[in-house]
Amino acid sequence: MENQMKNERKEFITVWVRDPRIQKEDSWQSFVDYEICLHTNSMCFTKKTSCVRRRYKEFAWLRQRLQDNAVLISLPEIPPKIPFFSASNTQLVEQRRQGLQEFLEKVLQSNILLSDSRLHLFLQTQLSTTEIEAVSRV
C-alpha cells in the first residue's frame with residue numbers, strides 16, 4: 001500500500017510528437033509542422049496537458065537556446081537538416097518526427113533544462129520563437 005502511494009505521487013512528463021502536416025508558406029514553399037502534446041503531473045509545469053504545433057526550424061532554435069543556457073550539458077541532437085527535404089516523402093517526415101520526439105524526451109529528463117522558461121513556452125504556448133525570446137529577456 002505504501003509503495004502504491006509513492007508510485008501515485010511520482011512525477012511524470014510524457015511528450016508526443018505526432019500528426020505531421022504540410023503547411024504552405026507561399027506558392028513555392030511548404031514545410032511540415034508537428035503537434036507536440038504534453039501530459040504531466042510535474043510541479044515544473046503550470047499546465048498539466050497541452051498541445052502546440054511546431055516546425056523543424058523551431059526545434060533547431062530551441063536546441064540552440066538550451067545549449068546557450070546550459071553550456072556544461074551535452075544536449076541531445078535533433079535530426080540533421082536535410083537540403084531539399086521533401087514534405088511529401090513520408091519516410092523522411094516520419095524519421096524526423098521520431099528524432100524530434102527522442103530529442104524532447106531526453107531534454108525533459110534533465111532538471112537543468114527543465115528550469116529554462118523558453119522550453120516551457122515552446123511546449124505550452126502558441127508564441128513564436130521571436131515572442132518567446134522577448135518574454136524570456138524580461
# chains A, B, ... in the order shown; residues from 1 in each chain; ligands from 1
>>> residues_around(residues="A:Gln124", least_positions_apart="4", cutoff="7 Å", atoms="only C-alpha atoms", output="VMD selection string")
chain A and resid 50 to 52 120
>>> write_last_selection(atoms="all heavy atoms", output="mmCIF file, in the first residue's frame")
data_model
loop_
_atom_site.group_PDB
_atom_site.id
_atom_site.type_symbol
_atom_site.label_atom_id
_atom_site.label_comp_id
_atom_site.auth_asym_id
_atom_site.auth_seq_id
_atom_site.Cartn_x
_atom_site.Cartn_y
_atom_site.Cartn_z
ATOM 1 N N SER A 50 -1.151 19.924 -22.641
ATOM 2 C CA SER A 50 -1.087 20.969 -23.660
ATOM 3 C C SER A 50 -0.734 20.353 -24.999
ATOM 4 O O SER A 50 -0.127 19.281 -25.062
ATOM 5 C CB SER A 50 -0.043 22.027 -23.286
ATOM 6 O OG SER A 50 1.237 21.439 -23.206
ATOM 7 N N CYS A 51 -1.131 21.043 -26.058
ATOM 8 C CA CYS A 51 -0.762 20.662 -27.425
ATOM 9 C C CYS A 51 -0.454 21.927 -28.218
ATOM 10 O O CYS A 51 -1.214 22.894 -28.154
ATOM 11 C CB CYS A 51 -1.892 19.900 -28.120
ATOM 12 S SG CYS A 51 -2.141 18.234 -27.497
ATOM 13 N N VAL A 52 0.667 21.920 -28.905
ATOM 14 C CA VAL A 52 1.054 23.034 -29.772
ATOM 15 C C VAL A 52 1.615 22.444 -31.070
ATOM 16 O O VAL A 52 2.002 21.284 -31.106
ATOM 17 C CB VAL A 52 2.112 23.961 -29.125
ATOM 18 C CG1 VAL A 52 1.578 24.623 -27.877
ATOM 19 C CG2 VAL A 52 3.394 23.216 -28.826
ATOM 20 N N HIS A 120 9.460 25.729 -21.578
ATOM 21 C CA HIS A 120 8.051 25.708 -21.181
ATOM 22 C C HIS A 120 7.185 26.475 -22.178
ATOM 23 O O HIS A 120 6.111 26.011 -22.559
ATOM 24 C CB HIS A 120 7.886 26.280 -19.766
ATOM 25 C CG HIS A 120 8.522 25.413 -18.733
ATOM 26 N ND1 HIS A 120 7.804 24.527 -17.987
ATOM 27 C CD2 HIS A 120 9.814 25.291 -18.349
ATOM 28 C CE1 HIS A 120 8.636 23.888 -17.166
ATOM 29 N NE2 HIS A 120 9.850 24.331 -17.371
#
>>> closest_residue(among="A:Cys37, A:Leu92, A:Ser27, A:Lys10", to="A:Leu104", atoms="only C-alpha atoms")
A:Cys37
>>> select_by_dssp(residues="chain A", states="alpha helix (DSSP H)", output="PyMOL selection string")
chain A and resi 2-9+56-69+90-107+111-114+117-124+129-137
>>> closest_residue(among="A:Glu35, A:Glu133, A:Glu77, A:Glu58", to="A:Val15", atoms="only C-alpha atoms")
A:Glu35
>>> closest_residue(among="A:Asn89, A:Met43, A:Arg55, A:Ser30", to="A:Ser115", atoms="only C-alpha atoms")
A:Met43
>>> residues_around(residues="A:Asn41", least_positions_apart="5", cutoff="7 Å", atoms="only C-alpha atoms", output="ChimeraX atom specification")
/A:11-13,48
>>> write_last_selection(atoms="N, CA and C atoms", output="PDB file, in the first residue's frame")
ATOM      1  N   GLU A  11       6.416  11.912 -10.025  1.00  0.00           N
ATOM      2  CA  GLU A  11       6.196  12.852 -11.127  1.00  0.00           C
ATOM      3  C   GLU A  11       6.488  12.185 -12.462  1.00  0.00           C
ATOM      4  N   PHE A  12       5.726  12.571 -13.457  1.00  0.00           N
ATOM      5  CA  PHE A  12       5.969  12.079 -14.808  1.00  0.00           C
ATOM      6  C   PHE A  12       5.752  13.219 -15.798  1.00  0.00           C
ATOM      7  N   ILE A  13       6.447  13.114 -16.903  1.00  0.00           N
ATOM      8  CA  ILE A  13       6.256  14.027 -18.034  1.00  0.00           C
ATOM      9  C   ILE A  13       6.237  13.142 -19.271  1.00  0.00           C
ATOM     10  N   LYS A  48      -1.095  21.067 -17.077  1.00  0.00           N
ATOM     11  CA  LYS A  48      -0.841  19.626 -16.949  1.00  0.00           C
ATOM     12  C   LYS A  48      -1.012  18.890 -18.277  1.00  0.00           C
TER      13      LYS A  48
END
>>> atom_distance(atom1="atom CA of A:Arg54", atom2="atom CA of A:Arg96")
12.7 Å
>>> decode(residues="stretch 65-78 of chain A", atoms="all heavy atoms", output="mmCIF file, in the first residue's frame")
data_model
loop_
_atom_site.group_PDB
_atom_site.id
_atom_site.type_symbol
_atom_site.label_atom_id
_atom_site.label_comp_id
_atom_site.auth_asym_id
_atom_site.auth_seq_id
_atom_site.Cartn_x
_atom_site.Cartn_y
_atom_site.Cartn_z
ATOM 1 N N ARG A 65 19.059 27.522 -28.100
ATOM 2 C CA ARG A 65 18.846 28.338 -26.894
ATOM 3 C C ARG A 65 19.138 27.529 -25.632
ATOM 4 O O ARG A 65 19.724 28.050 -24.680
ATOM 5 C CB ARG A 65 17.419 28.884 -26.836
ATOM 6 C CG ARG A 65 17.103 29.926 -27.891
ATOM 7 C CD ARG A 65 18.162 31.035 -27.930
ATOM 8 N NE ARG A 65 18.069 31.894 -29.083
ATOM 9 C CZ ARG A 65 18.521 31.608 -30.309
ATOM 10 N NH1 ARG A 65 19.070 30.433 -30.572
ATOM 11 N NH2 ARG A 65 18.418 32.475 -31.284
ATOM 12 N N LEU A 66 18.714 26.278 -25.614
ATOM 13 C CA LEU A 66 19.003 25.430 -24.449
ATOM 14 C C LEU A 66 20.508 25.232 -24.300
ATOM 15 O O LEU A 66 21.035 25.254 -23.191
ATOM 16 C CB LEU A 66 18.291 24.079 -24.572
ATOM 17 C CG LEU A 66 16.769 24.100 -24.481
ATOM 18 C CD1 LEU A 66 16.200 22.716 -24.776
ATOM 19 C CD2 LEU A 66 16.277 24.613 -23.144
ATOM 20 N N GLN A 67 21.193 25.042 -25.424
ATOM 21 C CA GLN A 67 22.647 24.862 -25.389
ATOM 22 C C GLN A 67 23.338 26.125 -24.890
ATOM 23 O O GLN A 67 24.271 26.058 -24.103
ATOM 24 C CB GLN A 67 23.172 24.495 -26.779
ATOM 25 C CG GLN A 67 24.632 24.088 -26.783
ATOM 26 C CD GLN A 67 24.869 22.778 -26.054
ATOM 27 O OE1 GLN A 67 24.530 21.717 -26.538
ATOM 28 N NE2 GLN A 67 25.452 22.837 -24.862
ATOM 29 N N ASP A 68 22.852 27.300 -25.322
ATOM 30 C CA ASP A 68 23.425 28.567 -24.855
ATOM 31 C C ASP A 68 23.301 28.713 -23.346
ATOM 32 O O ASP A 68 24.168 29.273 -22.688
ATOM 33 C CB ASP A 68 22.707 29.761 -25.507
ATOM 34 C CG ASP A 68 22.965 29.842 -27.006
ATOM 35 O OD1 ASP A 68 23.888 29.164 -27.509
ATOM 36 O OD2 ASP A 68 22.210 30.586 -27.677
ATOM 37 N N ASN A 69 22.203 28.216 -22.796
ATOM 38 C CA ASN A 69 21.901 28.374 -21.378
ATOM 39 C C ASN A 69 22.579 27.306 -20.517
ATOM 40 O O ASN A 69 22.807 27.535 -19.337
ATOM 41 C CB ASN A 69 20.381 28.320 -21.171
ATOM 42 C CG ASN A 69 19.976 28.866 -19.824
ATOM 43 O OD1 ASN A 69 20.620 29.749 -19.264
ATOM 44 N ND2 ASN A 69 18.900 28.337 -19.294
ATOM 45 N N ALA A 70 22.850 26.166 -21.101
ATOM 46 C CA ALA A 70 23.400 25.043 -20.324
ATOM 47 C C ALA A 70 24.663 24.522 -21.012
ATOM 48 O O ALA A 70 24.699 23.407 -21.518
ATOM 49 C CB ALA A 70 22.351 23.938 -20.206
ATOM 50 N N VAL A 71 25.699 25.357 -21.017
ATOM 51 C CA VAL A 71 26.918 25.038 -21.762
ATOM 52 C C VAL A 71 27.620 23.768 -21.286
ATOM 53 O O VAL A 71 28.293 23.121 -22.068
ATOM 54 C CB VAL A 71 27.921 26.216 -21.742
ATOM 55 C CG1 VAL A 71 27.705 27.155 -22.875
ATOM 56 C CG2 VAL A 71 27.902 26.937 -20.427
ATOM 57 N N LEU A 72 27.444 23.411 -20.036
ATOM 58 C CA LEU A 72 28.145 22.241 -19.500
ATOM 59 C C LEU A 72 27.422 20.926 -19.785
ATOM 60 O O LEU A 72 27.948 19.857 -19.517
ATOM 61 C CB LEU A 72 28.359 22.402 -17.990
ATOM 62 C CG LEU A 72 29.203 23.612 -17.591
ATOM 63 C CD1 LEU A 72 29.285 23.728 -16.078
ATOM 64 C CD2 LEU A 72 30.587 23.532 -18.208
ATOM 65 N N ILE A 73 26.221 21.033 -20.330
ATOM 66 C CA ILE A 73 25.441 19.832 -20.613
ATOM 67 C C ILE A 73 25.569 19.482 -22.080
ATOM 68 O O ILE A 73 25.522 20.350 -22.944
ATOM 69 C CB ILE A 73 23.941 20.070 -20.292
ATOM 70 C CG1 ILE A 73 23.753 20.271 -18.806
ATOM 71 C CG2 ILE A 73 23.088 18.921 -20.782
ATOM 72 C CD1 ILE A 73 22.325 20.570 -18.426
ATOM 73 N N SER A 74 25.729 18.197 -22.338
ATOM 74 C CA SER A 74 25.721 17.736 -23.722
ATOM 75 C C SER A 74 24.261 17.496 -24.114
ATOM 76 O O SER A 74 23.619 16.584 -23.605
ATOM 77 C CB SER A 74 26.535 16.442 -23.825
ATOM 78 O OG SER A 74 26.405 15.924 -25.122
ATOM 79 N N LEU A 75 23.754 18.349 -24.978
ATOM 80 C CA LEU A 75 22.353 18.258 -25.374
ATOM 81 C C LEU A 75 22.143 17.145 -26.401
ATOM 82 O O LEU A 75 23.025 16.903 -27.229
ATOM 83 C CB LEU A 75 21.907 19.587 -26.005
ATOM 84 C CG LEU A 75 20.852 20.316 -25.198
ATOM 85 C CD1 LEU A 75 21.460 20.932 -23.976
ATOM 86 C CD2 LEU A 75 20.157 21.342 -26.017
ATOM 87 N N PRO A 76 20.984 16.499 -26.351
ATOM 88 C CA PRO A 76 20.685 15.513 -27.393
ATOM 89 C C PRO A 76 20.588 16.222 -28.743
ATOM 90 O O PRO A 76 20.298 17.418 -28.804
ATOM 91 C CB PRO A 76 19.341 14.925 -26.968
ATOM 92 C CG PRO A 76 18.766 15.877 -25.987
ATOM 93 C CD PRO A 76 19.896 16.640 -25.384
ATOM 94 N N GLU A 77 20.837 15.476 -29.781
ATOM 95 C CA GLU A 77 20.776 16.028 -31.135
ATOM 96 C C GLU A 77 19.341 16.008 -31.644
ATOM 97 O O GLU A 77 18.516 15.234 -31.164
ATOM 98 C CB GLU A 77 21.659 15.208 -32.084
ATOM 99 C CG GLU A 77 23.137 15.267 -31.771
ATOM 100 C CD GLU A 77 23.740 16.656 -31.928
ATOM 101 O OE1 GLU A 77 23.288 17.407 -32.824
ATOM 102 O OE2 GLU A 77 24.647 17.004 -31.155
ATOM 103 N N ILE A 78 19.083 16.874 -32.617
ATOM 104 C CA ILE A 78 17.852 16.768 -33.385
ATOM 105 C C ILE A 78 18.252 16.161 -34.731
ATOM 106 O O ILE A 78 19.441 16.159 -35.076
ATOM 107 C CB ILE A 78 17.131 18.125 -33.559
ATOM 108 C CG1 ILE A 78 18.004 19.130 -34.303
ATOM 109 C CG2 ILE A 78 16.677 18.675 -32.220
ATOM 110 C CD1 ILE A 78 17.281 20.432 -34.651
#
